[in-house]
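Only one structure is covered here, and it is reproduced in the block below.
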Amino acid sequence: MKVFAAMEAGKTCFVDIPVPEPKADEALVRIEGCVICNTTDWMVIHSHFGAPDFPVLVGHESIGRVVKTGSQVKHLKIGDRVTRANAIPTGFNGEYYSAWGGFSEYGIVKDKPPVKGLGDLPLEKAGLLIPLSETASCLMQFESLKDKDVLVTGTGAAGLSLVYFAKKFGARNVLCSGRRMERLELAKRLGADQVYPDGGNGIRKAAAEVIEVDFVFEATGKYDVFQDGIPLLKSGGTLAIYGTPEKPYIINAEKSPANYKRMQLTPKEEMAYEVVCELLMKESGLSDIFMTHRWGFDKLQDAFEQVRNGEVIKGIAVME
């Protein structure tokens with residue numbers, strides 16, 4: 001079967017490996033498509049993510065349907081749609097390392113109940129389940145956002161979805177800063193009450209207006225933006241970091257409130273699957289905002305170039 005791989009840092013190609021055979025508690029999946037993660041997949045390919053050694057099989061946001069089940073499988077049946085099928089298990093199979101290997105024709109999943117309603121969604125919508133559930137689950141881990149004031153820094157897929165879910169989960173005011181006006185317009189469509197252009201400069205303007213928020217969600221990975229968001233926190237507020245920064249963050253105590261919490265957000269996506277799936281079914285325009293690109297598997301190298309150029313919010317490579 002064909003699998004997309006990075007043979008060395010920045011060098012990608014397709015390789016052929018055997019179709020995996022499911023163990024007793026596993027199922028074989030025919031992968032329909034795999035969404036590019038604009039940060040993780042890119043960083044794995046370029047060895048910026050603490051990735052396994054090369055050559056490494058890439059892709060972790062896959063969607064597919066079960067075509068074969070192991071002898072002890074209880075929850076899955078042929079035809080069920082599932083997420084995160086792996087071409088090879090995490091680790092090293094003697095020839096390739098695994099960064100999940102979702103850009104593949106087939107993969108393996110463990111036996112567990114499928115997400116209710118996922119099989120009824122068009123592929124582009126189904127492909128958004130993983131990335132939207134990652135950010136939704138981060139916010140669901142807080143006791144409540146109801147009537148809170150929130151600032152989201154960044155207008156990539158993570159930042160925009162944090163805006164959307166913060167408003168969905170009851171935030172009173174949602175502010176968003178970013179460098180691209182067209183993305184800030186999308187943030188307003190997704191529920192942002194106020195936007196601040198020019199990234200860090202926009203946040204500095206907000207600080208000059210004496211705006212204080214209960215939460216700052218940092219979704220850029222940019223050190224200057226991170227620093228500029230801290231002065232906007234209320235005393236007792238929370239600075240929450242999503243994703244991997246480009247360099248280690250250092251807190252400037254002089255610009256920090258006297259009393260605040262700092263945390264690294266850790267997605268627990270399965271806790272949000274049913275909520276997100278229901279929203280994807282009900283809100284027809286949601287996928288139009290987030291899923292901006294679709295490619296054939298053979299166009300993956302071009303696809304990653306478009307991601308690098310900032311053209312893509314989310315895009316799915318489809319096995320045709």
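So you can find residues: chains in the structure tokens are A, B, ... in the order shown, residues in each start at 1, and ligands are numbered from 1 in order.
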
Just the residues within 9 Å of Ala136 of chain A, please, counting only C-alpha atoms, with nothing from its chain fewer than 2 positions along; format it as an NGL selection string. :A and (131-134 or 138-141 or 161-162 or 164-166 or 267-269 or 271-273 or 275-276)

Fewer than 5 positions away in the same chain doesn't count, so skip those; otherwise give me all residues within 7 Å of segment 82-99 of chain A, counting only C-alpha atoms, as a ChimeraX atom specification. /A:29,52-65,104,106-109,114

Find the spatial neighbours of Gly199 of chain A, counting only C-alpha atoms, within a cut-off of 6 Å - ignore same-chain residues fewer than 3 positions away - and output them as a list in words.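 Neighbouring residues, sequence-local ones excluded: Ser177, Gly178, Arg179 and Gly202 of chain A.
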
Could you write those residues out with C-alpha atoms, as a CSV table (one decimal), in the first residue's frame?
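Below is the file that was written, out_26.csv:
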chain,number,residue,atom,x,y,z
A,177,SER,CA,-5.9,39.2,17.7
A,178,GLY,CA,-4.1,38.2,14.5
A,179,ARG,CA,-2.0,39.5,11.6
A,202,GLY,CA,-3.0,44.8,18.2

Between atom CA of Asp16 of chain A and atom CA of Phe4 of chain A, measure the distance and give it in Å to one decimal.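 We find that atom CA of Asp16 of chain A and atom CA of Phe4 of chain A lie 9.0 Å from each other.
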
Which of segment 233-275 of chain A DSSP labels strand (DSSP E), written as a list of chain:residue names: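 Of segment 233-275 of chain A, the ones in strand (DSSP E) are A:Leu233, A:Lys234, A:Ser235, A:Gly236, A:Gly237, A:Thr238, A:Leu239, A:Ala240, A:Ile241, A:Tyr260, A:Lys261, A:Arg262, A:Met263, A:Gln264.
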
Residue contacts of Leu121 of chain A (10 Å, only C-alpha atoms) excluding same-chain residues fewer than 4 positions away, as an NGL selection string: :A and (81 or 117 or 125-127 or 277 or 280-281)

Residues at most 8 Å from Asn259 of chain A, counting only C-alpha atoms, excluding those fewer than 4 positions away in the same chain, as a list of chain:residue names?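 Residues meeting the cut-off are A:Ser235, A:Gly236, A:Gly237.
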
Filtering to N, CA and C atoms, could you give me those residues as a short mmCIF file (atom, residue, chain, number, x, y, z; two decimals), in the first residue's frame?
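Saved to out33.cif:
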data_model
loop_
_atom_site.label_atom_id
_atom_site.label_comp_id
_atom_site.auth_asym_id
_atom_site.auth_seq_id
_atom_site.Cartn_x
_atom_site.Cartn_y
_atom_site.Cartn_z
N SER A 235 -6.49 39.98 37.53
CA SER A 235 -5.95 39.27 38.68
C SER A 235 -6.76 38.00 38.88
N GLY A 236 -6.07 36.87 39.01
CA GLY A 236 -6.73 35.59 39.14
C GLY A 236 -7.08 34.94 37.81
N GLY A 237 -6.71 35.58 36.70
CA GLY A 237 -7.00 35.04 35.38
C GLY A 237 -6.10 33.87 35.01
#

At what distance in Å, to one decimal, does atom CA of Asp80 of chain A lie from atom CA of Asp120 of chain A?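 Rounded to one decimal, the two atoms are 10.1 Å apart.
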
Please identify which residues in segment 6-84 of chain A DSSP calls helix (DSSP H, G or I) from the backbone, and express them as an NGL selection string. :A and (40-45)

Could you take the residues named above and write them with C-alpha atoms, as a JSON list (two decimals), in the first residue's frame?
[["chain", "number", "residue", "atom", "x", "y", "z"],
["A", 40, "THR", "CA", 2.34, 18.88, 13.95],
["A", 41, "ASP", "CA", 2.67, 17.25, 10.52],
["A", 42, "TRP", "CA", 4.86, 20.08, 9.26],
["A", 43, "MET", "CA", 7.08, 19.94, 12.34],
["A", 44, "VAL", "CA", 7.43, 16.15, 12.11],
["A", 45, "ILE", "CA", 8.51, 16.41, 8.47]]

Gap from atom CA of Arg172 of chain A to atom CA of Leu186 of chain A - Å, one decimal: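 Separating atom CA of Arg172 of chain A from atom CA of Leu186 of chain A is a distance of 18.7 Å.
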
Who sits within 8 Å of Val163 of chain A, only C-alpha atoms, same chain under 2 positions skipped, as a PyMOL selection string: chain A and resi 152+159-161+165-167+174-176+187+190-192

Non-local contacts of Asn309 of chain A (12 Å; only C-alpha atoms; under 6 positions in same chain excluded) as a list in words: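 So, after excluding close chain neighbours, the residues are Asn38, Trp42, Asp302 and Ala303 of chain A.
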